[in-house]
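Data from run.txt: compact mmCIF, C-alpha atoms
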```
# COMPACT_ATOMS: atom_id res chain seq x y z
CA MET A 1 -15.00 -6.67 37.55
CA ASN A 2 -15.09 -4.53 40.67
CA LYS A 3 -18.48 -2.84 41.05
CA HIS A 4 -16.99 0.61 41.77
CA ILE A 5 -15.01 0.40 38.54
CA GLU A 6 -18.09 -0.72 36.65
CA LYS A 7 -20.07 2.20 38.07
CA TYR A 8 -17.26 4.59 37.11
CA LEU A 9 -17.17 3.28 33.55
CA ASP A 10 -20.94 3.76 33.27
CA ASP A 11 -20.61 7.34 34.51
CA LEU A 12 -17.76 7.95 32.09
CA ARG A 13 -19.79 6.64 29.14
CA ASP A 14 -22.59 8.95 30.24
CA ALA A 15 -20.34 12.01 30.59
CA MET A 16 -18.79 11.45 27.14
CA ARG A 17 -21.97 10.70 25.20
CA GLU A 18 -21.74 13.79 22.99
CA LEU A 19 -18.30 12.79 21.68
CA ASP A 20 -17.66 10.51 18.74
CA LYS A 21 -18.60 6.86 19.44
CA SER A 22 -15.11 5.62 18.64
CA THR A 23 -13.53 8.13 21.01
CA ILE A 24 -15.83 6.94 23.79
CA GLN A 25 -14.84 3.35 23.14
CA ASP A 26 -11.13 4.25 23.27
CA ALA A 27 -11.55 6.24 26.48
CA LEU A 28 -13.46 3.41 28.14
CA ALA A 29 -10.81 0.89 27.11
CA ASP A 30 -8.05 3.13 28.55
CA ALA A 31 -9.93 3.66 31.81
CA GLU A 32 -10.76 0.00 32.27
CA ASP A 33 -7.16 -1.08 31.65
CA HIS A 34 -5.76 1.53 34.01
CA LEU A 35 -8.21 0.97 36.84
CA THR A 36 -8.03 -2.83 36.85
CA THR A 37 -4.22 -2.79 36.63
CA ALA A 38 -3.98 -0.15 39.37
CA LEU A 39 -6.29 -2.13 41.64
CA GLN A 40 -4.35 -5.31 41.06
CA VAL A 41 -0.96 -3.67 41.74
CA GLU A 42 -2.19 -1.75 44.80
CA THR A 43 -3.83 -4.85 46.28
CA GLU A 44 -0.53 -6.72 46.01
CA GLU A 45 1.38 -3.82 47.58
CA LYS A 46 -1.05 -3.09 50.40
CA PRO A 47 -2.83 -6.37 51.16
CA ASP A 48 -4.21 -5.04 54.48
CA THR A 49 -6.06 -2.00 53.12
CA ASP A 50 -9.78 -2.26 52.50
CA LYS A 51 -10.37 -2.96 48.81
CA SER A 52 -13.24 -0.53 48.33
CA GLU A 53 -11.13 2.26 49.91
CA LEU A 54 -8.31 1.46 47.48
CA VAL A 55 -10.67 1.59 44.50
CA LYS A 56 -12.08 4.94 45.54
CA GLU A 57 -8.57 6.36 45.89
CA ILE A 58 -7.51 5.00 42.50
CA ILE A 59 -10.59 6.44 40.80
CA GLU A 60 -10.06 9.79 42.53
CA ARG A 61 -6.53 9.96 41.12
CA TYR A 62 -7.69 8.88 37.66
CA GLY A 63 -9.99 11.90 37.43
CA THR A 64 -13.71 12.56 37.37
CA PRO A 65 -15.65 11.58 34.23
CA GLU A 66 -15.86 15.32 33.43
CA ASP A 67 -12.04 15.66 33.56
CA ILE A 68 -11.64 12.71 31.23
CA PHE A 69 -14.32 14.06 28.88
CA GLU A 70 -12.49 17.39 28.61
CA GLN A 71 -9.14 15.75 28.04
CA TYR A 72 -10.33 13.44 25.28
CA SER A 73 -12.33 16.12 23.52
CA ASP A 74 -9.21 18.34 23.47
CA ILE A 75 -7.15 15.57 21.91
CA GLU A 76 -9.83 14.69 19.35
CA GLU A 77 -9.82 18.24 18.07
CA ILE A 78 -6.18 18.02 17.09
CA THR A 79 -6.00 14.48 15.70
CA THR A 80 -7.79 13.78 12.46
CA PRO A 81 -7.95 10.56 10.46
CA VAL A 82 -5.35 10.05 7.76
CA PHE A 83 -7.14 11.38 4.69
CA ALA A 84 -9.78 13.48 6.40
CA THR A 85 -7.38 16.42 6.17
CA SER A 86 -7.99 16.96 2.47
CA GLU A 87 -10.84 19.35 3.32
CA LYS A 88 -9.35 22.44 1.71
CA ALA A 89 -11.07 25.63 0.69
CA GLU A 90 -14.01 24.80 -1.55
CA GLU A 91 -13.39 25.75 -5.13
CA THR A 92 -16.48 26.35 -7.17
CA GLY A 93 -17.39 25.83 -10.80
CA ILE A 94 -15.94 23.39 -13.24
CA TRP A 95 -12.43 23.55 -11.81
CA GLY A 96 -13.73 22.73 -8.34
CA PHE A 97 -15.59 19.76 -9.76
CA CYS A 98 -12.51 18.42 -11.53
CA SER A 99 -10.14 18.96 -8.61
CA VAL A 100 -11.38 15.66 -7.19
CA ILE A 101 -8.66 14.11 -9.34
CA ALA A 102 -6.06 15.49 -6.91
CA GLU A 103 -7.92 14.34 -3.81
CA PRO A 104 -6.24 11.51 -1.88
CA LYS A 105 -9.58 10.69 -0.27
CA ALA A 106 -11.25 9.87 -3.59
CA TRP A 107 -8.38 7.64 -4.73
CA ALA A 108 -8.24 5.95 -1.34
CA ALA A 109 -11.97 5.21 -1.63
CA CYS A 110 -11.31 3.60 -5.04
CA LEU A 111 -8.60 1.49 -3.46
CA TYR A 112 -10.93 0.44 -0.64
CA MET A 113 -13.68 -0.48 -3.14
CA THR A 114 -11.25 -2.58 -5.17
CA LEU A 115 -9.88 -4.38 -2.12
CA SER A 116 -13.35 -5.00 -0.69
CA LEU A 117 -13.92 -7.84 -3.16
CA ALA A 118 -11.06 -9.81 -1.60
CA THR A 119 -11.78 -8.87 2.01
CA GLY A 120 -15.53 -9.41 1.49
CA ILE A 121 -15.02 -12.94 0.22
CA ALA A 122 -12.53 -13.73 2.98
CA TYR A 123 -14.82 -12.40 5.76
CA PHE A 124 -17.83 -14.23 4.32
CA THR A 125 -15.99 -17.54 4.12
CA TRP A 126 -14.55 -17.23 7.60
CA THR A 127 -17.88 -16.16 9.14
CA THR A 128 -19.98 -18.89 7.55
CA THR A 129 -17.33 -21.50 8.42
CA GLY A 130 -17.14 -20.22 11.99
CA LEU A 131 -20.88 -20.11 12.50
CA SER A 132 -21.56 -23.55 11.03
CA VAL A 133 -18.65 -25.26 12.79
CA SER A 134 -19.68 -23.63 16.10
CA LEU A 135 -23.33 -24.62 15.70
CA GLY A 136 -22.36 -28.15 14.71
CA PHE A 137 -20.17 -28.68 17.76
CA LEU A 138 -22.50 -26.92 20.19
CA PRO A 139 -24.16 -30.12 21.51
CA LEU A 140 -20.69 -31.43 22.46
CA ILE A 141 -18.61 -30.20 25.37
CA ILE A 142 -15.92 -28.75 23.06
CA GLY A 143 -18.59 -26.74 21.22
CA ILE A 144 -18.54 -23.71 23.48
CA PRO A 145 -14.75 -23.09 23.49
CA ILE A 146 -14.78 -23.42 19.69
CA ALA A 147 -17.67 -20.97 19.41
CA LEU A 148 -15.86 -18.58 21.78
CA LEU A 149 -12.70 -18.68 19.67
CA PHE A 150 -14.65 -17.91 16.51
CA LEU A 151 -16.56 -15.08 18.19
CA LEU A 152 -13.26 -13.59 19.42
CA SER A 153 -11.81 -13.87 15.92
CA PHE A 154 -14.84 -12.00 14.50
CA ARG A 155 -14.20 -9.14 16.93
CA GLY A 156 -10.51 -9.10 16.00
CA ILE A 157 -11.25 -8.99 12.28
CA GLY A 158 -13.87 -6.30 12.92
CA PHE A 159 -11.19 -4.15 14.58
CA VAL A 160 -8.78 -4.58 11.66
CA GLU A 161 -11.55 -3.73 9.17
CA GLY A 162 -12.22 -0.62 11.26
CA ARG A 163 -8.56 0.47 11.00
CA MET A 164 -8.74 -0.03 7.23
CA VAL A 165 -11.96 2.00 7.01
CA GLU A 166 -10.32 4.82 8.95
CA ALA A 167 -7.14 4.81 6.89
CA LEU A 168 -8.83 4.62 3.48
CA LEU A 169 -12.24 6.21 4.00
CA GLY A 170 -11.30 8.79 6.64
CA VAL A 171 -14.06 7.88 9.10
CA ARG A 172 -12.93 7.92 12.73
CA MET A 173 -12.95 4.33 14.08
CA PRO A 174 -11.77 2.81 17.38
CA ARG A 175 -8.01 2.83 17.86
CA ARG A 176 -7.87 0.29 20.69
CA ALA A 177 -9.11 -3.24 20.32
CA ILE A 178 -11.40 -4.19 23.17
CA THR A 179 -12.37 -7.72 24.04
CA PRO A 180 -15.37 -7.82 26.36
CA GLY A 181 -15.12 -9.87 29.52
CA GLU A 182 -11.32 -9.92 29.67
CA GLY A 183 -10.06 -11.54 32.87
CA GLU A 184 -13.31 -13.42 33.44
CA ASN A 185 -13.47 -17.21 33.14
CA TRP A 186 -14.31 -18.50 29.69
CA TRP A 187 -17.95 -19.32 30.45
CA ALA A 188 -18.66 -15.81 31.77
CA ARG A 189 -16.75 -14.42 28.81
CA PHE A 190 -18.77 -16.45 26.36
CA LYS A 191 -21.98 -15.09 27.85
CA ILE A 192 -20.71 -11.48 27.80
CA ILE A 193 -19.57 -11.68 24.18
CA LEU A 194 -22.82 -13.38 23.19
CA THR A 195 -24.90 -10.59 24.70
CA THR A 196 -22.79 -7.74 23.26
CA ARG A 197 -24.67 -6.05 20.44
CA SER A 198 -21.57 -5.25 18.39
CA THR A 199 -20.62 -8.96 18.16
CA TRP A 200 -23.75 -9.62 16.12
CA THR A 201 -23.65 -6.44 14.06
CA THR A 202 -20.00 -7.26 13.22
CA ILE A 203 -21.07 -10.69 11.96
CA VAL A 204 -23.82 -9.16 9.83
CA TYR A 205 -21.32 -6.60 8.47
CA MET A 206 -18.82 -9.33 7.57
CA LEU A 207 -21.52 -11.29 5.72
CA LEU A 208 -22.81 -8.18 3.90
CA LEU A 209 -19.36 -7.08 2.78
CA MET A 210 -19.25 -9.86 0.20
CA PRO A 211 -22.22 -8.70 -1.93
CA LEU A 212 -21.18 -5.08 -1.32
CA GLY A 213 -17.57 -5.90 -2.27
CA ILE A 214 -18.70 -7.50 -5.52
CA ILE A 215 -20.79 -4.44 -6.39
CA TYR A 216 -17.99 -1.99 -5.46
CA PHE A 217 -15.34 -3.92 -7.36
CA THR A 218 -17.51 -4.29 -10.46
CA LEU A 219 -18.38 -0.60 -10.44
CA ILE A 220 -14.77 0.54 -10.12
CA VAL A 221 -13.39 -1.85 -12.71
CA THR A 222 -16.18 -1.22 -15.25
CA LEU A 223 -16.11 2.56 -14.92
CA PHE A 224 -12.32 2.88 -15.00
CA SER A 225 -11.87 0.51 -17.92
CA SER A 226 -14.61 2.28 -19.91
CA ALA A 227 -13.02 5.65 -19.17
CA LEU A 228 -9.54 4.45 -20.12
CA SER A 229 -10.74 2.90 -23.36
CA LEU A 230 -12.42 6.18 -24.33
CA ILE A 231 -9.25 8.12 -23.56
CA GLY A 232 -7.14 5.57 -25.43
CA ALA A 233 -9.44 5.48 -28.48
CA PRO A 234 -7.07 7.52 -30.75
CA VAL A 235 -4.17 5.23 -29.89
CA ILE A 236 -6.22 2.13 -30.65
CA GLN A 237 -7.54 3.47 -33.92
CA TYR A 238 -4.58 5.34 -35.43
CA ILE A 239 -1.59 3.47 -34.06
CA PHE A 240 -2.85 -0.12 -33.77
CA HIS A 241 -5.37 0.26 -36.62
CA GLU A 242 -8.07 -1.60 -34.72
CA PRO A 243 -11.73 -0.50 -34.63
CA PHE A 244 -12.92 1.16 -31.42
CA VAL A 245 -15.56 -1.47 -30.65
CA ASP A 246 -15.14 -4.89 -32.18
CA PRO A 247 -17.12 -5.58 -34.94
CA GLY A 248 -16.06 -2.56 -36.84
CA ILE A 249 -17.16 0.74 -35.31
CA TRP A 250 -14.71 3.38 -36.45
CA ILE A 251 -14.91 6.78 -34.82
CA PRO A 252 -14.81 9.65 -37.33
CA PHE A 253 -11.80 11.92 -36.97
CA TYR A 254 -13.77 15.04 -35.92
CA ALA A 255 -15.45 13.14 -33.05
CA MET A 256 -12.16 12.00 -31.51
CA PRO A 257 -11.63 15.00 -29.17
CA PHE A 258 -15.15 14.52 -27.80
CA VAL A 259 -14.56 10.82 -27.14
CA VAL A 260 -11.33 11.56 -25.25
CA ALA A 261 -13.05 14.34 -23.28
CA ALA A 262 -15.89 11.96 -22.43
CA GLY A 263 -13.30 9.53 -21.02
CA GLY A 264 -11.80 12.25 -18.83
CA THR A 265 -15.23 13.27 -17.60
CA LEU A 266 -16.04 9.66 -16.78
CA ILE A 267 -12.91 9.45 -14.59
CA VAL A 268 -13.91 12.60 -12.71
CA LEU A 269 -17.47 11.27 -12.25
CA THR A 270 -16.15 7.91 -11.08
CA LEU A 271 -13.98 9.60 -8.46
CA HIS A 272 -16.97 11.59 -7.21
CA LEU A 273 -19.01 8.41 -7.04
CA ALA A 274 -16.21 6.59 -5.18
CA LYS A 275 -15.95 9.42 -2.69
CA ALA A 276 -19.69 9.38 -2.04
CA ILE A 277 -19.82 5.60 -1.70
CA GLY A 278 -16.76 5.75 0.57
CA LYS A 279 -18.54 8.19 2.86
CA LEU A 280 -21.71 6.09 2.97
CA HIS A 281 -19.79 2.88 3.53
CA GLY A 282 -17.70 4.48 6.27
CA ASP A 283 -20.81 5.54 8.14
CA PHE A 284 -22.33 2.11 7.63
CA ALA A 285 -19.15 0.41 8.93
CA LYS A 286 -19.17 2.70 11.96
CA SER A 287 -22.78 1.90 12.84
CA MET A 288 -22.07 -1.83 12.57
CA LEU A 289 -18.57 -2.22 14.02
CA VAL A 290 -18.62 0.23 16.93
CA SER A 291 -20.69 -0.57 19.99
CA MET B 1 -19.46 25.03 40.64
CA SER B 2 -18.02 28.43 41.55
CA VAL B 3 -16.51 30.70 38.92
CA SER B 4 -13.04 30.54 40.44
CA SER B 5 -12.95 26.76 40.44
CA THR B 6 -14.04 26.70 36.78
CA VAL B 7 -11.30 29.09 35.70
CA ASP B 8 -8.80 27.29 37.93
CA ARG B 9 -9.61 23.99 36.29
CA LYS B 10 -9.36 25.49 32.83
CA PHE B 11 -6.03 27.10 33.65
CA SER B 12 -4.52 23.98 35.15
CA ARG B 13 -5.68 21.92 32.16
CA GLU B 14 -4.13 24.34 29.70
CA LEU B 15 -0.95 24.58 31.74
CA SER B 16 -0.51 20.86 32.04
CA SER B 17 -1.26 19.95 28.43
CA GLY B 18 2.24 20.64 27.10
CA ILE B 19 4.10 19.78 30.28
CA THR B 20 2.60 16.31 30.30
CA SER B 21 4.28 15.40 27.01
CA LEU B 22 7.62 16.71 28.28
CA ALA B 23 7.27 14.85 31.59
CA LEU B 24 6.34 11.59 29.85
CA LEU B 25 9.36 11.78 27.53
CA ALA B 26 11.63 12.59 30.47
CA ILE B 27 10.35 9.72 32.60
CA LEU B 28 10.65 7.22 29.77
CA SER B 29 14.13 8.41 28.80
CA GLN B 30 15.34 7.77 32.36
CA ALA B 31 13.60 4.42 32.65
CA GLU B 32 15.82 1.38 32.27
CA GLU B 33 13.05 -0.75 30.82
CA PRO B 34 9.73 -0.12 29.05
CA MET B 35 6.96 1.00 31.41
CA TYR B 36 3.20 0.48 31.37
CA GLY B 37 0.61 3.21 31.91
CA TYR B 38 -0.03 2.76 35.60
CA ARG B 39 3.68 2.75 36.51
CA ILE B 40 4.25 5.92 34.51
CA ALA B 41 1.26 7.48 36.28
CA LYS B 42 2.79 6.60 39.65
CA GLU B 43 6.11 8.14 38.66
CA MET B 44 4.29 11.33 37.79
CA SER B 45 2.65 11.70 41.19
CA SER B 46 4.54 13.43 43.96
CA GLU B 47 5.54 11.39 47.00
CA ASP B 48 2.82 12.64 49.31
CA MET B 49 0.10 12.29 46.66
CA ASP B 50 -1.26 15.69 47.63
CA PHE B 51 -0.15 17.56 44.58
CA GLN B 52 -1.30 16.16 41.28
CA LEU B 53 -0.17 17.94 38.12
CA ILE B 54 -2.68 16.12 35.99
CA LYS B 55 -5.31 13.47 36.52
CA GLN B 56 -3.96 10.05 35.65
CA GLY B 57 -6.72 9.52 33.13
CA ALA B 58 -5.32 12.39 31.07
CA LEU B 59 -2.07 10.50 30.42
CA TYR B 60 -3.47 7.98 27.97
CA PRO B 61 -4.55 10.29 25.16
CA VAL B 62 -1.16 12.03 25.45
CA LEU B 63 0.72 8.70 25.34
CA LYS B 64 -1.28 7.79 22.22
CA SER B 65 -0.54 11.05 20.49
CA LEU B 66 3.20 10.82 21.30
CA GLU B 67 3.16 7.32 19.88
CA ARG B 68 1.38 8.50 16.73
CA ASN B 69 4.13 11.07 16.27
CA GLU B 70 6.69 8.27 16.66
CA LEU B 71 8.28 9.78 19.75
CA LEU B 72 7.28 6.68 21.72
CA SER B 73 6.85 3.08 20.73
CA SER B 74 4.79 0.46 22.50
CA ARG B 75 4.07 -3.24 22.65
CA VAL B 76 1.47 -5.29 24.50
CA GLU B 77 2.50 -8.06 26.86
CA PRO B 78 0.34 -10.40 28.88
CA SER B 79 0.55 -9.96 32.64
CA VAL B 80 0.61 -12.76 35.22
CA SER B 81 -2.74 -11.73 36.62
CA GLY B 82 -5.15 -9.17 35.23
CA PRO B 83 -5.44 -7.63 31.77
CA PRO B 84 -2.50 -7.46 29.33
CA ARG B 85 -0.38 -4.33 29.65
CA ARG B 86 0.93 -1.93 27.04
CA TYR B 87 4.60 -1.13 27.63
CA TYR B 88 5.95 2.18 26.33
CA SER B 89 9.54 3.08 25.50
CA ILE B 90 11.11 6.19 24.03
CA THR B 91 12.37 6.23 20.43
CA ASP B 92 15.45 7.98 19.04
CA SER B 93 13.38 10.83 17.66
CA GLY B 94 11.70 10.98 21.08
CA ARG B 95 15.11 11.57 22.69
CA GLU B 96 15.90 14.30 20.20
CA ALA B 97 12.54 15.94 20.84
CA LEU B 98 13.19 15.73 24.57
CA LYS B 99 16.47 17.67 24.15
CA ARG B 100 14.75 20.42 22.16
CA TRP B 101 11.80 20.61 24.54
CA GLN B 102 14.07 20.69 27.56
CA ALA B 103 15.79 23.77 26.13
CA LEU B 104 12.41 25.33 25.49
CA TRP B 105 11.34 24.50 29.02
CA ASP B 106 14.48 26.03 30.55
CA GLY B 107 13.94 29.20 28.57
CA THR B 108 10.29 29.32 29.62
CA CYS B 109 11.19 28.82 33.28
CA ASN B 110 13.76 31.62 33.27
CA LEU B 111 11.37 33.96 31.55
CA MET B 112 8.43 33.10 33.82
CA ASN B 113 10.52 33.42 36.97
CA ARG B 114 11.57 36.88 35.87
CA ILE B 115 8.04 37.92 34.93
CA LEU B 116 6.55 36.59 38.15
CA GLY B 117 9.35 38.31 40.08
CA GLY B 118 10.68 35.09 41.60
CA ASP B 119 14.36 35.45 40.91
CA THR B 120 16.53 37.32 38.44
CA HIS B 121 18.94 35.41 36.26
CA GLU B 122 20.29 38.36 34.35
```
Encoded form using structure tokens:
Amino acid sequence: MNKHIEKYLDDLRDAMRELDKSTIQDALADAEDHLTTALQVETEEKPDTDKSELVKEIIERYGTPEDIFEQYSDIEEITTPVFATSEKAEETGIWGFCSVIAEPKAWAACLYMTLSLATGIAYFTWTTTGLSVSLGFLPLIIGIPIALLFLLSFRGIGFVEGRMVEALLGVRMPRRAITPGEGENWWARFKIILTTRSTWTTIVYMLLLMPLGIIYFTLIVTLFSSALSLIGAPVIQYIFHEPFVDPGIWIPFYAMPFVVAAGGTLIVLTLHLAKAIGKLHGDFAKSMLVS
Amino acid sequence: MSVSSTVDRKFSRELSSGITSLALLAILSQAEEPMYGYRIAKEMSSEDMDFQLIKQGALYPVLKSLERNELLSSRVEPSVSGPPRRYYSITDSGREALKRWQALWDGTCNLMNRILGGDTHE
């Protein structure tokens, strides 16, 4: 990459450091795309002009890092992630506690936790396959292109996981996929990707999502099925004439309302738990998937 | 930085924030084929390059937000040399929005010209 552009991108990263990490990554991706394309087009149109003059002019027209910082921080203020908007006026007391049942964010977190079993297993399988195949082939000449392809696929999957985290957990994640070292030859690219921190944290994240996914899935399924069986206890006992727990525990009639209420409470508690785990997991995903 | 240049910058940023969306829709509605960021940016500069309504870097967040509101659509295509480019085109709801915004713009212009004492339409 041109050294003026590289310097500009460094300055831009510096100027934007107080903004959200994902916003910075998007802004850098936009700037890099624009500046390299502009340089390439201008060089073709004016082959006689000095290249470093052209770059300076292009950067001047793109705007100073401070301009770009202001522009992106304005836009960030008005665009919020999909479910992050459910921050309405805080209600207090018991009603406020129960209103979680109407919160899209809590249900979306449940959905994420359920899906994470499948995605966790898929990521784990793909990552371990990729790493072992790459390591196995590394002594051979075809080893490095294979390793490069796997590393690129990890970054791609990391981006998709990030979009899912933003949509379901409401944590702002990058909206543009960036592939480091684009336009370089494959050897230089391999080295750049290998030395990028987020490549490795993405791999660790993908491996960790399997145990996490199993825990999340088990929690959601156990808690919801327990809650539903408590709520459904009268139906089981008085309509199907089956005992509440198999061998033979019958709930006395006067206790029934309490059992049903306990089921409802368990659903509310589960939703609160899902929301809290969703928040924690979103922050964890951000620290691992965003460079 | 002097006080006047700070307020000037703030004013020109606030002034351009809405106009940029209108200009982008207008440019893309006249374009015969989808355009990528740098070409749109060139269309938005005046011939002599002296007057710049907005910095080119400010276009991208606006393009993204128009796309999120489904007024624009985009697709990525590889380029012969250099990085792949994202090509933008206007959607049907983008064209409708352009019509409404154009009317709003005309009204604003008439009103502002009268207030600033430029010319009188009535």
Test item: chain B residues at most 12 Å from chain A, counting all atoms listed in the file, as a PDB file with C-alpha atoms, in the coordinates of the input:
```pdb
ATOM      1  CA  THR B   6     -14.040  26.700  36.780  1.00  0.00           C
ATOM      2  CA  ARG B   9      -9.610  23.990  36.290  1.00  0.00           C
ATOM      3  CA  LYS B  10      -9.360  25.490  32.830  1.00  0.00           C
ATOM      4  CA  SER B  12      -4.520  23.980  35.150  1.00  0.00           C
ATOM      5  CA  ARG B  13      -5.680  21.920  32.160  1.00  0.00           C
ATOM      6  CA  GLU B  14      -4.130  24.340  29.700  1.00  0.00           C
ATOM      7  CA  SER B  16      -0.510  20.860  32.040  1.00  0.00           C
ATOM      8  CA  SER B  17      -1.260  19.950  28.430  1.00  0.00           C
ATOM      9  CA  GLY B  18       2.240  20.640  27.100  1.00  0.00           C
ATOM     10  CA  THR B  20       2.600  16.310  30.300  1.00  0.00           C
ATOM     11  CA  TYR B  36       3.200   0.480  31.370  1.00  0.00           C
ATOM     12  CA  GLY B  37       0.610   3.210  31.910  1.00  0.00           C
ATOM     13  CA  TYR B  38      -0.030   2.760  35.600  1.00  0.00           C
ATOM     14  CA  ARG B  39       3.680   2.750  36.510  1.00  0.00           C
ATOM     15  CA  ILE B  40       4.250   5.920  34.510  1.00  0.00           C
ATOM     16  CA  ALA B  41       1.260   7.480  36.280  1.00  0.00           C
ATOM     17  CA  LYS B  42       2.790   6.600  39.650  1.00  0.00           C
ATOM     18  CA  MET B  44       4.290  11.330  37.790  1.00  0.00           C
ATOM     19  CA  SER B  45       2.650  11.700  41.190  1.00  0.00           C
ATOM     20  CA  SER B  46       4.540  13.430  43.960  1.00  0.00           C
ATOM     21  CA  MET B  49       0.100  12.290  46.660  1.00  0.00           C
ATOM     22  CA  ASP B  50      -1.260  15.690  47.630  1.00  0.00           C
ATOM     23  CA  PHE B  51      -0.150  17.560  44.580  1.00  0.00           C
ATOM     24  CA  GLN B  52      -1.300  16.160  41.280  1.00  0.00           C
ATOM     25  CA  LEU B  53      -0.170  17.940  38.120  1.00  0.00           C
ATOM     26  CA  ILE B  54      -2.680  16.120  35.990  1.00  0.00           C
ATOM     27  CA  LYS B  55      -5.310  13.470  36.520  1.00  0.00           C
ATOM     28  CA  GLN B  56      -3.960  10.050  35.650  1.00  0.00           C
ATOM     29  CA  GLY B  57      -6.720   9.520  33.130  1.00  0.00           C
ATOM     30  CA  ALA B  58      -5.320  12.390  31.070  1.00  0.00           C
ATOM     31  CA  LEU B  59      -2.070  10.500  30.420  1.00  0.00           C
ATOM     32  CA  TYR B  60      -3.470   7.980  27.970  1.00  0.00           C
ATOM     33  CA  PRO B  61      -4.550  10.290  25.160  1.00  0.00           C
ATOM     34  CA  VAL B  62      -1.160  12.030  25.450  1.00  0.00           C
ATOM     35  CA  LEU B  63       0.720   8.700  25.340  1.00  0.00           C
ATOM     36  CA  LYS B  64      -1.280   7.790  22.220  1.00  0.00           C
ATOM     37  CA  SER B  65      -0.540  11.050  20.490  1.00  0.00           C
ATOM     38  CA  LEU B  66       3.200  10.820  21.300  1.00  0.00           C
ATOM     39  CA  ARG B  68       1.380   8.500  16.730  1.00  0.00           C
ATOM     40  CA  ASN B  69       4.130  11.070  16.270  1.00  0.00           C
ATOM     41  CA  VAL B  76       1.470  -5.290  24.500  1.00  0.00           C
ATOM     42  CA  PRO B  78       0.340 -10.400  28.880  1.00  0.00           C
ATOM     43  CA  SER B  79       0.550  -9.960  32.640  1.00  0.00           C
ATOM     44  CA  VAL B  80       0.610 -12.760  35.220  1.00  0.00           C
ATOM     45  CA  SER B  81      -2.740 -11.730  36.620  1.00  0.00           C
ATOM     46  CA  GLY B  82      -5.150  -9.170  35.230  1.00  0.00           C
ATOM     47  CA  PRO B  83      -5.440  -7.630  31.770  1.00  0.00           C
ATOM     48  CA  PRO B  84      -2.500  -7.460  29.330  1.00  0.00           C
ATOM     49  CA  ARG B  85      -0.380  -4.330  29.650  1.00  0.00           C
ATOM     50  CA  ARG B  86       0.930  -1.930  27.040  1.00  0.00           C
TER      51      ARG B  86
END
```
(request) For CA of Arg155 in chain A and CA of Arg13 in chain A, determine how far apart the two atoms are, in Å to one decimal place. (result)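 These two atoms are separated by 20.7 Å.
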(request) Rank nothing, just name the residue among B:Glu33, B:Phe11, B:Leu22, B:Leu116 nearest to Ala103 in chain B, using only C-alpha atoms. (result)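 Smallest separation from Ala103 in chain B among the options: B:Leu22.
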(request) Go through B:Ala97, B:Ser89, B:Ser74, B:Met112 and flag the residue nearest Ser29 in chain B, using all atoms listed in the file for the distances. (result)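 Looking at the shortest contact to Ser29 in chain B, the residue is B:Ser89.
Going from CA of Ala285 in chain A over to CA of Ile146 in chain A, you cover 26.5 Å.
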(message) I'd like the interatomic distance between CA of Ala102 in chain A and CA of Thr270 in chain A, to a tenth of an Å.
(response)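 That distance, rounded to one decimal, is 13.3 Å.
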Test item: residues at most 9 Å from Trp107 in chain A, all atoms listed in the file, excluding those fewer than 3 positions along its chain, as a PDB file with C-alpha atoms, keeping the file's coordinate frame:
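Once everything was written out, this is out-v4.pdb:
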```pdb
ATOM      1  CA  VAL A 100     -11.380  15.660  -7.190  1.00  0.00           C
ATOM      2  CA  ILE A 101      -8.660  14.110  -9.340  1.00  0.00           C
ATOM      3  CA  ALA A 102      -6.060  15.490  -6.910  1.00  0.00           C
ATOM      4  CA  GLU A 103      -7.920  14.340  -3.810  1.00  0.00           C
ATOM      5  CA  PRO A 104      -6.240  11.510  -1.880  1.00  0.00           C
ATOM      6  CA  CYS A 110     -11.310   3.600  -5.040  1.00  0.00           C
ATOM      7  CA  LEU A 111      -8.600   1.490  -3.460  1.00  0.00           C
ATOM      8  CA  TYR A 112     -10.930   0.440  -0.640  1.00  0.00           C
ATOM      9  CA  LEU A 168      -8.830   4.620   3.480  1.00  0.00           C
ATOM     10  CA  LEU A 271     -13.980   9.600  -8.460  1.00  0.00           C
ATOM     11  CA  ALA A 274     -16.210   6.590  -5.180  1.00  0.00           C
ATOM     12  CA  LYS A 275     -15.950   9.420  -2.690  1.00  0.00           C
TER      13      LYS A 275
END
```
(message) From (-16.3, 14.8, -11.7), in the file's coordinates, out to 10 Å: which residues are reached, counting all atoms listed in the file? Answer as a VMD selection string.
(response) chain A and resid 94 to 101 264 to 273
C-alpha atoms of the current selection, written as a JSON list (two decimals), in the frame of the given file:
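Written output follows (result_33.json):
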```
[["chain", "number", "residue", "atom", "x", "y", "z"],
["A", 94, "ILE", "CA", -15.94, 23.39, -13.24],
["A", 95, "TRP", "CA", -12.43, 23.55, -11.81],
["A", 96, "GLY", "CA", -13.73, 22.73, -8.34],
["A", 97, "PHE", "CA", -15.59, 19.76, -9.76],
["A", 98, "CYS", "CA", -12.51, 18.42, -11.53],
["A", 99, "SER", "CA", -10.14, 18.96, -8.61],
["A", 100, "VAL", "CA", -11.38, 15.66, -7.19],
["A", 101, "ILE", "CA", -8.66, 14.11, -9.34],
["A", 264, "GLY", "CA", -11.80, 12.25, -18.83],
["A", 265, "THR", "CA", -15.23, 13.27, -17.60],
["A", 266, "LEU", "CA", -16.04, 9.66, -16.78],
["A", 267, "ILE", "CA", -12.91, 9.45, -14.59],
["A", 268, "VAL", "CA", -13.91, 12.60, -12.71],
["A", 269, "LEU", "CA", -17.47, 11.27, -12.25],
["A", 270, "THR", "CA", -16.15, 7.91, -11.08],
["A", 271, "LEU", "CA", -13.98, 9.60, -8.46],
["A", 272, "HIS", "CA", -16.97, 11.59, -7.21],
["A", 273, "LEU", "CA", -19.01, 8.41, -7.04]]
```
